[in-house]
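Content type compact mmCIF, C-alpha atoms, from the file run.txt:
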# COMPACT_ATOMS: atom_id res chain seq x y z
CA MET G 84 -84.53 9.65 169.69
CA LYS G 85 -81.01 11.02 170.10
CA THR G 86 -78.29 10.30 167.57
CA LEU G 87 -74.60 11.08 168.09
CA ILE G 88 -72.30 11.52 165.10
CA LYS G 89 -68.76 11.31 166.45
CA ASN G 90 -65.21 11.61 165.10
CA ALA G 91 -66.50 13.84 162.30
CA LEU G 92 -64.58 16.27 160.15
CA ILE G 93 -67.32 18.90 160.15
CA VAL G 94 -67.45 21.29 157.18
CA ASN G 95 -69.72 24.23 157.92
CA GLU G 96 -69.79 28.02 157.55
CA GLY G 97 -66.38 28.26 155.91
CA LYS G 98 -64.59 26.11 158.47
CA ARG G 99 -63.61 22.50 158.96
CA PHE G 100 -62.98 21.04 162.39
CA ASN G 101 -63.06 17.72 164.22
CA GLY G 102 -66.06 17.31 166.47
CA CYS G 103 -69.41 15.67 167.08
CA ILE G 104 -73.06 16.46 166.42
CA VAL G 105 -76.08 15.46 168.47
CA ILE G 106 -79.47 15.09 166.77
CA ASP G 107 -82.52 15.19 169.05
CA GLY G 108 -85.75 14.40 167.22
CA GLU G 109 -85.95 16.54 164.07
CA THR G 110 -83.30 19.07 165.00
CA ILE G 111 -79.63 19.49 165.85
CA SER G 112 -79.24 19.96 169.58
CA GLN G 113 -75.47 20.20 169.93
CA ILE G 114 -72.31 20.73 167.88
CA THR G 115 -69.01 20.56 169.69
CA GLU G 116 -65.31 20.40 168.97
CA THR G 117 -64.82 18.65 172.29
CA THR G 118 -64.68 14.87 171.97
CA ASN G 119 -63.37 13.96 175.42
CA GLN G 120 -66.78 13.61 177.04
CA LEU G 121 -69.24 12.42 174.42
CA PRO G 122 -72.94 13.05 175.04
CA GLN G 123 -75.25 10.10 175.64
CA ALA G 124 -77.32 8.97 172.66
CA ASP G 125 -79.63 6.18 171.55
CA ARG G 126 -77.69 5.70 168.33
CA VAL G 127 -74.01 6.39 167.65
CA ILE G 128 -72.48 6.77 164.18
CA ASP G 129 -68.70 6.82 163.94
CA ALA G 130 -67.79 9.20 161.10
CA LYS G 131 -64.04 8.74 161.35
CA GLY G 132 -62.37 9.61 158.06
CA CYS G 133 -65.54 11.23 156.74
CA LEU G 134 -66.83 14.72 156.07
CA VAL G 135 -70.05 15.78 157.84
CA MET G 136 -71.93 18.67 156.27
CA PRO G 137 -75.43 20.09 155.87
CA GLY G 138 -77.69 18.27 153.46
CA VAL G 139 -77.51 19.60 149.92
CA ILE G 140 -80.34 21.90 148.79
CA ASP G 141 -80.92 21.46 145.07
CA GLU G 142 -82.93 24.45 143.88
CA HIS G 143 -83.33 23.14 140.33
CA VAL G 144 -84.82 19.71 139.60
CA HIS G 145 -87.32 18.25 137.15
CA PHE G 146 -88.92 15.24 138.87
CA ARG G 147 -91.49 14.92 136.01
CA ASP G 148 -94.46 14.41 138.31
CA PRO G 149 -97.31 14.72 137.27
CA GLY G 150 -97.84 13.77 133.66
CA LEU G 151 -94.38 12.47 132.72
CA THR G 152 -94.04 9.73 135.31
CA HIS G 153 -92.99 7.11 132.78
CA LYS G 154 -89.50 8.62 133.04
CA ALA G 155 -89.39 9.85 136.67
CA ASP G 156 -91.61 10.64 139.65
CA VAL G 157 -91.37 12.31 143.02
CA PHE G 158 -90.78 9.04 144.87
CA THR G 159 -88.06 7.55 142.66
CA GLU G 160 -86.12 10.77 142.21
CA SER G 161 -86.31 11.77 145.88
CA VAL G 162 -84.93 8.34 146.76
CA ALA G 163 -82.05 8.98 144.34
CA ALA G 164 -81.61 12.45 145.85
CA VAL G 165 -81.17 11.32 149.45
CA ALA G 166 -78.82 8.55 148.32
CA GLY G 167 -76.67 11.36 146.96
CA GLY G 168 -76.85 13.57 150.04
CA VAL G 169 -79.53 15.92 148.64
CA THR G 170 -82.05 16.53 151.42
CA SER G 171 -84.18 19.32 149.88
CA VAL G 172 -85.31 19.98 146.32
CA MET G 173 -87.18 22.70 144.45
CA ASP G 174 -89.09 21.29 141.50
CA MET G 175 -89.78 22.99 138.18
CA PRO G 176 -93.19 23.76 136.64
CA ASN G 177 -92.80 22.26 133.14
CA VAL G 178 -94.74 19.07 133.86
CA VAL G 179 -98.16 18.00 132.50
CA PRO G 180 -100.23 20.01 133.14
CA GLN G 181 -97.79 22.89 133.54
CA THR G 182 -97.79 24.34 137.06
CA THR G 183 -99.12 27.79 136.25
CA THR G 184 -101.97 28.10 138.77
CA ILE G 185 -102.28 27.99 142.55
CA GLU G 186 -104.65 25.03 142.26
CA LEU G 187 -102.03 22.99 140.39
CA LEU G 188 -99.38 24.01 142.93
CA GLU G 189 -101.60 22.66 145.72
CA GLN G 190 -101.95 19.36 143.89
CA ARG G 191 -98.18 19.03 143.60
CA PHE G 192 -97.65 19.78 147.29
CA ALA G 193 -100.22 17.13 148.23
CA ASN G 194 -98.57 14.58 145.94
CA ALA G 195 -95.11 15.26 147.39
CA ALA G 196 -96.41 14.96 150.96
CA GLU G 197 -97.35 11.37 150.17
CA LYS G 198 -94.31 10.42 148.08
CA SER G 199 -91.20 12.51 148.68
CA VAL G 200 -88.39 11.19 150.86
CA ALA G 201 -86.65 14.58 150.57
CA ASN G 202 -87.94 18.00 151.63
CA TYR G 203 -89.56 19.92 148.79
CA SER G 204 -91.03 23.05 147.30
CA PHE G 205 -92.30 24.01 143.84
CA TYR G 206 -92.02 26.91 141.42
CA ILE G 207 -94.98 28.44 139.70
CA GLY G 208 -94.33 28.93 135.99
CA ALA G 209 -94.87 32.31 134.36
CA THR G 210 -96.90 32.46 131.16
CA ASN G 211 -98.20 35.28 128.99
CA ASP G 212 -101.46 35.43 130.98
CA ASN G 213 -101.11 34.27 134.62
CA ILE G 214 -99.87 37.33 136.49
CA ASP G 215 -102.89 37.23 138.83
CA GLN G 216 -101.96 33.70 139.88
CA ILE G 217 -98.33 34.73 140.47
CA ARG G 218 -99.30 37.72 142.61
CA ASN G 219 -101.36 35.50 144.92
CA ILE G 220 -98.95 32.63 145.63
CA ASP G 221 -98.23 31.69 149.26
CA THR G 222 -94.74 33.13 149.69
CA LYS G 223 -94.10 30.95 152.74
CA ARG G 224 -94.50 27.78 150.63
CA VAL G 225 -93.68 28.56 146.99
CA CYS G 226 -89.96 28.83 146.32
CA GLY G 227 -90.10 31.11 143.29
CA VAL G 228 -91.43 32.08 139.88
CA LYS G 229 -89.79 30.35 136.91
CA VAL G 230 -89.51 32.34 133.70
CA PHE G 231 -88.41 30.63 130.48
CA MET G 232 -86.95 33.53 128.49
CA GLY G 233 -86.00 30.95 125.87
CA SER G 234 -88.16 27.87 125.39
CA SER G 235 -86.86 24.58 126.72
CA THR G 236 -88.57 21.31 127.61
CA GLY G 237 -92.27 22.08 127.94
CA ASN G 238 -92.34 25.22 125.74
CA MET G 239 -93.19 27.64 128.55
CA LEU G 240 -91.75 30.62 126.72
CA VAL G 241 -92.81 34.06 127.98
CA SER G 242 -92.67 35.97 124.70
CA ASP G 243 -94.76 39.03 125.57
CA GLN G 244 -92.42 41.86 126.64
CA GLN G 245 -95.15 43.65 128.60
CA MET G 246 -95.87 40.45 130.53
CA LEU G 247 -92.17 39.96 131.28
CA GLU G 248 -92.11 43.48 132.72
CA ARG G 249 -95.13 42.71 134.90
CA VAL G 250 -93.70 39.41 136.18
CA PHE G 251 -90.37 41.06 137.01
CA SER G 252 -92.10 44.01 138.68
CA GLU G 253 -94.91 42.27 140.52
CA SER G 254 -93.62 38.85 141.55
CA PRO G 255 -93.80 38.46 145.34
CA ARG G 256 -91.02 35.84 145.27
CA LEU G 257 -87.64 35.44 143.65
CA VAL G 258 -87.74 35.22 139.84
CA ALA G 259 -85.63 32.37 138.42
CA THR G 260 -84.85 32.50 134.71
CA HIS G 261 -83.86 30.16 131.92
CA CYS G 262 -81.90 32.48 129.62
CA GLU G 263 -81.46 31.71 125.93
CA VAL G 264 -82.59 33.81 122.96
CA GLU G 265 -85.03 31.65 121.03
CA GLN G 266 -84.52 33.33 117.65
CA ILE G 267 -80.74 32.85 117.77
CA ILE G 268 -81.25 29.13 118.46
CA LYS G 269 -83.73 28.82 115.58
CA ASP G 270 -81.36 30.58 113.18
CA ASN G 271 -78.44 28.39 114.27
CA LEU G 272 -80.49 25.22 113.88
CA ALA G 273 -81.43 26.21 110.34
CA LYS G 274 -77.80 27.06 109.54
CA TYR G 275 -76.30 23.81 110.83
CA SER G 276 -79.13 21.69 109.46
CA ALA G 277 -78.36 23.11 106.01
CA LEU G 278 -74.65 22.42 106.48
CA TYR G 279 -74.83 18.90 107.92
CA GLY G 280 -78.27 17.51 107.10
CA ASP G 281 -78.65 13.99 108.48
CA LYS G 282 -75.12 14.20 109.96
CA LEU G 283 -76.19 16.81 112.50
CA ASN G 284 -75.28 15.33 115.90
CA ALA G 285 -74.53 16.00 119.56
CA THR G 286 -71.20 17.72 118.79
CA HIS G 287 -73.18 20.56 117.17
CA HIS G 288 -75.36 21.21 120.21
CA SER G 289 -73.19 23.95 121.70
CA LEU G 290 -73.05 25.67 118.30
CA ILE G 291 -76.83 25.65 117.97
CA ARG G 292 -77.64 26.60 121.56
CA SER G 293 -74.71 28.96 121.41
CA GLU G 294 -72.76 31.22 123.72
CA GLU G 295 -74.40 34.24 122.05
CA ALA G 296 -77.91 32.89 122.73
CA CYS G 297 -77.10 32.56 126.43
CA VAL G 298 -75.19 35.80 126.92
CA ARG G 299 -77.70 38.00 125.11
CA SER G 300 -80.62 36.58 127.11
CA THR G 301 -78.82 36.80 130.46
CA GLU G 302 -77.92 40.42 129.73
CA MET G 303 -81.57 41.18 128.93
CA ALA G 304 -82.78 39.50 132.12
CA MET G 305 -80.30 41.41 134.25
CA GLN G 306 -81.16 44.74 132.62
CA LEU G 307 -84.87 44.09 133.11
CA ALA G 308 -84.31 43.12 136.76
CA GLN G 309 -82.29 46.27 137.41
CA ARG G 310 -85.02 48.39 135.84
CA CYS G 311 -87.82 46.65 137.79
CA GLY G 312 -85.99 46.12 141.09
CA THR G 313 -86.44 42.35 140.79
CA ARG G 314 -84.87 39.74 143.05
CA LEU G 315 -83.42 37.71 140.16
CA HIS G 316 -81.67 34.34 140.17
CA VAL G 317 -80.28 33.39 136.74
CA MET G 318 -80.18 29.62 136.38
CA HIS G 319 -77.74 27.19 134.73
CA ILE G 320 -75.06 29.65 133.66
CA SER G 321 -72.97 27.82 131.05
CA THR G 322 -70.49 30.35 129.65
CA ALA G 323 -67.47 32.34 130.80
CA LYS G 324 -68.95 35.55 129.36
CA GLU G 325 -72.09 35.16 131.45
CA ALA G 326 -70.03 34.57 134.60
CA GLU G 327 -68.27 37.88 133.96
CA LEU G 328 -71.62 39.68 134.24
CA PHE G 329 -72.02 38.72 137.91
CA SER G 330 -70.61 40.41 140.98
CA SER G 331 -68.35 38.70 143.51
CA ALA G 332 -69.94 40.76 146.29
CA SER G 333 -71.57 38.92 149.17
CA ARG G 334 -74.84 37.30 148.16
CA PHE G 335 -76.46 39.18 151.03
CA GLU G 336 -75.62 42.45 149.26
CA LYS G 337 -76.79 41.71 145.71
CA LYS G 338 -80.26 41.39 144.20
CA ILE G 339 -79.06 39.45 141.14
CA THR G 340 -77.47 36.07 141.77
CA GLY G 341 -76.35 33.22 139.56
CA GLU G 342 -76.51 29.45 139.47
CA THR G 343 -74.41 27.00 137.52
CA CYS G 344 -74.91 23.26 137.32
CA ILE G 345 -72.87 20.09 137.73
CA ASN G 346 -73.07 19.47 133.97
CA TYR G 347 -71.09 22.62 133.16
CA LEU G 348 -68.50 22.09 135.91
CA TYR G 349 -67.85 18.41 135.26
CA PHE G 350 -68.05 18.17 131.45
CA ASN G 351 -67.03 20.20 128.40
CA ASP G 352 -67.69 19.98 124.67
CA ALA G 353 -64.88 17.47 124.11
CA ASP G 354 -67.04 14.97 126.01
CA TYR G 355 -69.66 15.00 123.24
CA GLN G 356 -67.31 12.75 121.25
CA THR G 357 -67.72 9.87 123.71
CA LEU G 358 -70.90 10.65 125.66
CA GLU G 359 -72.88 12.07 122.72
CA TYR G 360 -76.55 12.64 123.62
CA ARG G 361 -75.96 11.55 127.23
CA ILE G 362 -74.80 15.10 127.98
CA LYS G 363 -77.20 16.96 125.69
CA CYS G 364 -78.92 19.55 127.88
CA ASN G 365 -80.26 23.09 127.60
CA PRO G 366 -78.32 25.36 127.76
CA ALA G 367 -75.62 23.31 126.08
CA ILE G 368 -72.36 22.28 127.70
CA LYS G 369 -69.71 24.58 126.25
CA THR G 370 -65.90 24.60 125.91
CA LYS G 371 -63.09 23.62 128.28
CA GLN G 372 -62.36 27.34 128.68
CA ASP G 373 -65.96 27.93 129.75
CA GLN G 374 -65.78 24.98 132.17
CA MET G 375 -62.63 26.32 133.86
CA ALA G 376 -64.01 29.86 133.99
CA LEU G 377 -67.21 28.62 135.64
CA ILE G 378 -65.22 26.70 138.26
CA LYS G 379 -63.27 29.90 138.96
CA ALA G 380 -66.52 31.89 139.20
CA VAL G 381 -67.88 29.37 141.72
CA ALA G 382 -64.67 29.63 143.72
CA ASP G 383 -64.62 33.44 143.83
CA GLY G 384 -68.34 33.82 144.55
CA ARG G 385 -69.53 35.40 141.30
CA LEU G 386 -71.73 32.34 140.84
CA ASP G 387 -73.60 31.72 144.06
CA THR G 388 -75.13 28.25 143.80
CA ILE G 389 -74.47 24.85 142.25
CA ALA G 390 -77.57 22.87 141.25
CA THR G 391 -78.22 19.88 139.02
CA ASP G 392 -81.04 20.75 136.60
CA HIS G 393 -81.79 17.04 137.12
CA ALA G 394 -83.81 16.20 134.00
CA PRO G 395 -84.30 12.47 133.31
CA HIS G 396 -85.48 10.91 130.06
CA LEU G 397 -85.83 7.25 129.14
CA PRO G 398 -83.07 5.83 126.92
CA ALA G 399 -85.54 5.54 124.02
CA GLU G 400 -86.21 9.29 124.26
CA LYS G 401 -82.58 10.22 124.74
CA PHE G 402 -80.37 8.06 122.55
CA GLY G 403 -80.38 7.44 118.84
CA ASP G 404 -79.10 8.87 115.59
CA SER G 405 -81.21 12.01 115.32
CA TYR G 406 -80.14 15.30 116.89
CA LYS G 407 -83.60 16.81 116.50
CA THR G 408 -85.44 13.96 118.23
CA SER G 409 -83.00 13.39 121.09
CA ALA G 410 -84.43 14.91 124.28
CA SER G 411 -82.36 17.44 126.20
CA GLY G 412 -81.73 16.79 129.88
CA VAL G 413 -79.33 14.94 132.18
CA PRO G 414 -80.10 12.96 135.37
CA MET G 415 -77.66 14.08 138.07
CA VAL G 416 -79.27 14.48 141.52
CA GLN G 417 -77.87 11.21 142.93
CA HIS G 418 -74.31 12.09 141.96
CA SER G 419 -74.06 15.86 142.29
CA LEU G 420 -72.32 16.03 145.66
CA VAL G 421 -69.81 13.27 144.97
CA ALA G 422 -69.02 14.79 141.57
CA MET G 423 -68.20 18.10 143.24
CA ILE G 424 -66.09 16.41 145.91
CA ASP G 425 -64.30 14.66 143.06
CA LEU G 426 -63.41 18.14 141.74
CA CYS G 427 -62.21 19.06 145.23
CA ASN G 428 -59.98 16.00 145.25
CA GLN G 429 -58.57 17.24 141.93
CA GLY G 430 -57.69 20.57 143.59
CA LEU G 431 -60.21 22.62 141.59
CA LEU G 432 -62.49 23.59 144.51
CA THR G 433 -62.42 23.31 148.30
CA PHE G 434 -64.82 21.40 150.53
CA GLU G 435 -65.79 24.71 152.13
CA GLN G 436 -66.70 26.23 148.75
CA VAL G 437 -68.80 23.23 147.76
CA VAL G 438 -70.71 23.26 151.05
CA ASP G 439 -71.29 26.99 150.76
CA ARG G 440 -72.57 26.89 147.17
CA MET G 441 -74.66 23.70 147.52
CA CYS G 442 -76.00 24.06 151.08
CA HIS G 443 -75.62 27.52 152.60
CA ALA G 444 -76.21 29.71 149.53
CA PRO G 445 -79.53 28.16 148.41
CA ALA G 446 -80.86 28.57 151.96
CA ASP G 447 -79.77 32.22 152.05
CA ILE G 448 -80.90 33.18 148.54
CA TYR G 449 -84.34 31.60 148.85
CA GLY G 450 -84.80 32.48 152.52
CA ILE G 451 -85.31 28.87 153.66
CA GLU G 452 -86.10 28.65 157.35
CA LYS G 453 -83.70 26.70 159.57
CA ARG G 454 -81.98 24.62 156.90
CA GLY G 455 -78.75 24.72 154.96
CA TYR G 456 -76.44 25.03 157.96
CA LEU G 457 -75.28 22.88 160.87
CA ARG G 458 -76.57 24.95 163.78
CA PRO G 459 -78.35 24.12 167.05
CA ASP G 460 -82.15 24.24 166.64
CA TYR G 461 -81.86 23.86 162.84
CA LYS G 462 -83.48 20.92 161.10
CA ALA G 463 -81.13 17.94 161.15
CA ASP G 464 -80.58 17.64 157.40
CA ILE G 465 -77.11 16.14 157.45
CA VAL G 466 -74.94 14.15 155.07
CA ILE G 467 -71.86 12.06 155.82
CA VAL G 468 -69.43 11.58 152.94
CA ASP G 469 -66.28 9.50 152.71
CA PRO G 470 -64.11 11.68 150.44
CA ASN G 471 -61.62 8.89 149.81
CA LYS G 472 -63.92 5.93 149.14
CA ASN G 473 -64.05 5.28 145.41
CA GLN G 474 -67.26 4.14 143.77
CA VAL G 475 -67.89 2.93 140.26
CA ILE G 476 -71.21 4.24 138.94
CA ASP G 477 -73.06 1.49 137.12
CA GLN G 478 -76.48 -0.09 136.62
CA SER G 479 -76.30 -1.83 140.00
CA ASN G 480 -76.32 1.42 141.97
CA ILE G 481 -78.16 3.96 139.78
CA LEU G 482 -81.52 4.78 141.41
CA TYR G 483 -83.04 7.06 138.78
CA LYS G 484 -86.24 5.72 137.25
CA CYS G 485 -84.75 6.34 133.79
CA GLY G 486 -82.01 3.85 134.69
CA TRP G 487 -78.92 5.61 133.33
CA SER G 488 -76.36 8.28 134.15
CA PRO G 489 -73.80 10.20 132.06
CA LEU G 490 -71.30 9.11 134.71
CA GLU G 491 -71.87 5.39 134.08
CA GLY G 492 -68.64 3.44 134.11
CA LYS G 493 -66.75 6.28 135.80
CA THR G 494 -64.91 5.91 139.10
CA ILE G 495 -65.75 8.78 141.46
CA SER G 496 -63.40 9.40 144.38
CA ALA G 497 -66.11 9.96 147.03
CA THR G 498 -69.12 8.12 148.46
CA VAL G 499 -72.12 9.27 150.49
CA THR G 500 -72.48 6.93 153.47
CA HIS G 501 -75.37 8.45 155.48
CA THR G 502 -78.13 11.00 154.91
CA PHE G 503 -80.44 12.42 157.58
CA VAL G 504 -83.62 14.29 156.66
CA ASN G 505 -85.31 16.08 159.57
CA GLY G 506 -83.33 13.90 161.97
CA ASN G 507 -84.41 10.66 160.28
CA LEU G 508 -81.71 8.37 158.90
CA VAL G 509 -83.12 7.91 155.40
CA TYR G 510 -79.96 6.55 153.74
CA SER G 511 -77.27 4.34 155.24
CA ASN G 512 -74.53 2.56 153.28
CA GLY G 513 -76.63 1.72 150.25
CA GLU G 514 -80.00 1.26 151.98
CA VAL G 515 -82.86 3.78 151.70
CA ASN G 516 -85.63 3.99 154.29
CA ALA G 517 -88.34 5.05 151.86
CA ALA G 518 -91.02 4.98 154.56
CA ILE G 519 -89.70 8.30 155.83
CA LYS G 520 -91.23 11.36 154.21
CA GLY G 521 -89.75 14.82 153.81
CA GLN G 522 -91.39 18.11 154.74
CA GLU G 523 -92.44 21.23 152.88
CA LEU G 524 -89.74 23.87 152.87
CA ARG G 525 -90.73 27.10 154.58
CA PHE G 526 -89.51 30.52 153.43
CA ALA G 527 -88.96 33.68 155.41
Would you give me this structure, written as structure tokens?
Amino acid sequence: MKTLIKNALIVNEGKRFNGCIVIDGETISQITETTNQLPQADRVIDAKGCLVMPGVIDEHVHFRDPGLTHKADVFTESVAAVAGGVTSVMDMPNVVPQTTTIELLEQRFANAAEKSVANYSFYIGATNDNIDQIRNIDTKRVCGVKVFMGSSTGNMLVSDQQMLERVFSESPRLVATHCEVEQIIKDNLAKYSALYGDKLNATHHSLIRSEEACVRSTEMAMQLAQRCGTRLHVMHISTAKEAELFSSASRFEKKITGETCINYLYFNDADYQTLEYRIKCNPAIKTKQDQMALIKAVADGRLDTIATDHAPHLPAEKFGDSYKTSASGVPMVQHSLVAMIDLCNQGLLTFEQVVDRMCHAPADIYGIEKRGYLRPDYKADIVIVDPNKNQVIDQSNILYKCGWSPLEGKTISATVTHTFVNGNLVYSNGEVNAAIKGQELRFA
């Protein structure tokens, strides 16, 4: 089947231009700036007034499947993803059981083949005793090795320094790190618990999971990577001081790259006053100064990718009066692209920068085959966005299984209208074709 997308403002590879795209089967067959003689097609979509870009690749999601499917699963969250223009996801290992063996990886791939509407891959998690498993992963299928250098949800902390050295030296794939110093967090929690007792709340989160905890750990990870020659990707950078550690050189020239997340670009610690535990995540959302510095680092290329760290919890797990029992994590995969376009509409980023950091850069950094760009013979993962169509995020349109969003009640100045995955129209103006299934990502 051939599909023609016409009258598009195409945003791709640092440019924007008016043109049309032809999809033939699973792939893009033609991209042209000429609109005088339109190609023949079985289906025509008029994208007048809209942006057309590659599908978003979210390298950092927690879809909670298996073992935590009361709050999310591969099907529900992939449906939410494609509704938000996210066509490919890379899922984290801190599920139940934790994905720390090749056998468990295979089980997750088989589950996603049956359930996922989006394309997918999975990380293997590093532990203090699974280096043999890591060394033998299929590098064509497994996106990377996740190392929790500070414990987060799931308690997959690699505490043995010798094992860290071995993982960094021997991993056959990119090493992705969660960087926070556990002892600093423990000391801060004891300090603020003593000061505030039962009045400890969400506003203290960025003091407990502090700037120092993040910066010290990121510095250690980068030093270890330099010593071991590791291909390192530091995840969810949340502070200005961390951003200063990264180079603005081309991502093709550096072995250490950085990711930040929507949470840190869209919110700051003043938002704890109104959103409270809705924006409690690890690492914590920091100050307005950090937020602005991270946006600048995204713009100038020091931070290479924008992901979501999509991490849903049920309201009963998330909300309440107790800081210590409120789960950390924010659901964001359905709204990541429109939130970033909202920042573009505010003049903080450009469309080209957002497409580069959310589509092109993940494909380049992870070596994903034939995705992340609008090019002939590439997989037709394509999203159409109306950048001027407001939407109010509320219970009627939230697709996460957990049923809530930190953006609830907010008017966002952009709306995804269509999403194609492998040439299939999986989302169109509020309707998801959940019968379509995504494919495994393949890595060079």
Query raised in the report: Given the choices G:Arg334, G:Lys363, G:Arg249, G:Lys85, which gets closest to Phe402 (chain G) if the distance is worked out from all atoms listed in the file?
Result: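 Going through G:Arg334, G:Lys363, G:Arg249, G:Lys85 one by one, the smallest distance to Phe402 (chain G) is for G:Lys363.
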**Report entry** Contact residues around region 117-122 of chain G with all atoms listed in the file at 12 Å, ignoring same-chain residues under 3 positions, as a PyMOL selection string
**Finding:** chain G and resi 85-92+100-107+112-114+125-127+129
Take the residues from that selection and put them in a file with C-alpha atoms, as a PDB file, in the coordinates of the input.
ATOM      1  CA  LYS G  85     -81.010  11.020 170.100  1.00  0.00           C
ATOM      2  CA  THR G  86     -78.290  10.300 167.570  1.00  0.00           C
ATOM      3  CA  LEU G  87     -74.600  11.080 168.090  1.00  0.00           C
ATOM      4  CA  ILE G  88     -72.300  11.520 165.100  1.00  0.00           C
ATOM      5  CA  LYS G  89     -68.760  11.310 166.450  1.00  0.00           C
ATOM      6  CA  ASN G  90     -65.210  11.610 165.100  1.00  0.00           C
ATOM      7  CA  ALA G  91     -66.500  13.840 162.300  1.00  0.00           C
ATOM      8  CA  LEU G  92     -64.580  16.270 160.150  1.00  0.00           C
ATOM      9  CA  PHE G 100     -62.980  21.040 162.390  1.00  0.00           C
ATOM     10  CA  ASN G 101     -63.060  17.720 164.220  1.00  0.00           C
ATOM     11  CA  GLY G 102     -66.060  17.310 166.470  1.00  0.00           C
ATOM     12  CA  CYS G 103     -69.410  15.670 167.080  1.00  0.00           C
ATOM     13  CA  ILE G 104     -73.060  16.460 166.420  1.00  0.00           C
ATOM     14  CA  VAL G 105     -76.080  15.460 168.470  1.00  0.00           C
ATOM     15  CA  ILE G 106     -79.470  15.090 166.770  1.00  0.00           C
ATOM     16  CA  ASP G 107     -82.520  15.190 169.050  1.00  0.00           C
ATOM     17  CA  SER G 112     -79.240  19.960 169.580  1.00  0.00           C
ATOM     18  CA  GLN G 113     -75.470  20.200 169.930  1.00  0.00           C
ATOM     19  CA  ILE G 114     -72.310  20.730 167.880  1.00  0.00           C
ATOM     20  CA  ASP G 125     -79.630   6.180 171.550  1.00  0.00           C
ATOM     21  CA  ARG G 126     -77.690   5.700 168.330  1.00  0.00           C
ATOM     22  CA  VAL G 127     -74.010   6.390 167.650  1.00  0.00           C
ATOM     23  CA  ASP G 129     -68.700   6.820 163.940  1.00  0.00           C
TER      24      ASP G 129
END
Requested in this report: Give me the residues within 10 Å of Glu327 (chain G) as a list in words, counting all atoms listed in the file and dropping any in the same chain fewer than 5 places off.
Outcome: Thr322, Ala376, Leu377, Ala380, Arg385 and Leu386 of chain G
Store the residues picked out above in a file with C-alpha atoms, as a compact mmCIF listing (two decimals), in the coordinates of the input.
# COMPACT_ATOMS: atom_id res chain seq x y z
CA THR G 322 -70.49 30.35 129.65
CA ALA G 376 -64.01 29.86 133.99
CA LEU G 377 -67.21 28.62 135.64
CA ALA G 380 -66.52 31.89 139.20
CA ARG G 385 -69.53 35.40 141.30
CA LEU G 386 -71.73 32.34 140.84
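Using only C-alpha atoms, the contacts of Val157 (chain G) at a cut-off of 7 Å, with sequence neighbours closer than 5 positions omitted, comprise Phe146, Asp148, Ala195, Lys198 and Ser199 of chain G.
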**Report entry** Distance criterion (all atoms listed in the file): nearest to Asp221 (chain G) out of G:Phe158, G:Phe335, G:Phe526, G:Tyr406
**Finding:**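 Distance minimum relative to Asp221 (chain G) lands on G:Phe526.
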Query raised in the report: Near Ile368 (chain G), within 7 Å and counting all atoms listed in the file, which residues show up once chain neighbours fewer than 6 positions away are dropped, as a ChimeraX atom specification?
Result: /G:289,321,346-347,351-352
Kindly save the residues from that selection, with C-alpha atoms included, as a CSV table (one decimal), in the coordinates of the input.
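Saved the output as selection-v6.csv:
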chain,number,residue,atom,x,y,z
G,289,SER,CA,-73.2,24.0,121.7
G,321,SER,CA,-73.0,27.8,131.0
G,346,ASN,CA,-73.1,19.5,134.0
G,347,TYR,CA,-71.1,22.6,133.2
G,351,ASN,CA,-67.0,20.2,128.4
G,352,ASP,CA,-67.7,20.0,124.7
Query raised in the report: What's the 8 Å shell around Lys493 (chain G), counting only C-alpha atoms, without same-chain residues fewer than 2 positions away, as a ChimeraX atom specification?
Result: /G:475-476,490-491,495
Next, write the just-selected residues to a file, as a short mmCIF file (atom, residue, chain, number, x, y, z; two decimals), keeping the file's coordinate frame, keeping C-alpha atoms as the atom set.
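The resulting again.cif:
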data_model
loop_
_atom_site.label_atom_id
_atom_site.label_comp_id
_atom_site.auth_asym_id
_atom_site.auth_seq_id
_atom_site.Cartn_x
_atom_site.Cartn_y
_atom_site.Cartn_z
CA VAL G 475 -67.89 2.93 140.26
CA ILE G 476 -71.21 4.24 138.94
CA LEU G 490 -71.30 9.11 134.71
CA GLU G 491 -71.87 5.39 134.08
CA ILE G 495 -65.75 8.78 141.46
#
Requested in this report: Would you please work out which residue, of G:Ala164, G:Thr286, G:His143, G:Glu197, is nearest to Lys229 (chain G) when using all atoms listed in the file?
Outcome: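 So, comparing all the options, the nearest one is G:His143.
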Report task. Kindly provide, as a list in words, the polymer residues lying within 9 Å of (-81.5, 40.5, 133.9), counting only C-alpha atoms and using the coordinates exactly as they appear in the file. Result -> Thr260, Ser300, Thr301, Glu302, Met303, Ala304, Met305, Gln306, Leu307, Ala308, Gln309, Arg310, Thr313, Leu315, His316, Val317 and Ile339 of chain G
Query - Coordinates-based distance that separates CA of Thr500 (chain G) from CA of Asn512 (chain G) (Å, one decimal) - result: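 Result for CA of Asn512 (chain G) versus CA of Thr500 (chain G): 4.8 Å, one decimal.
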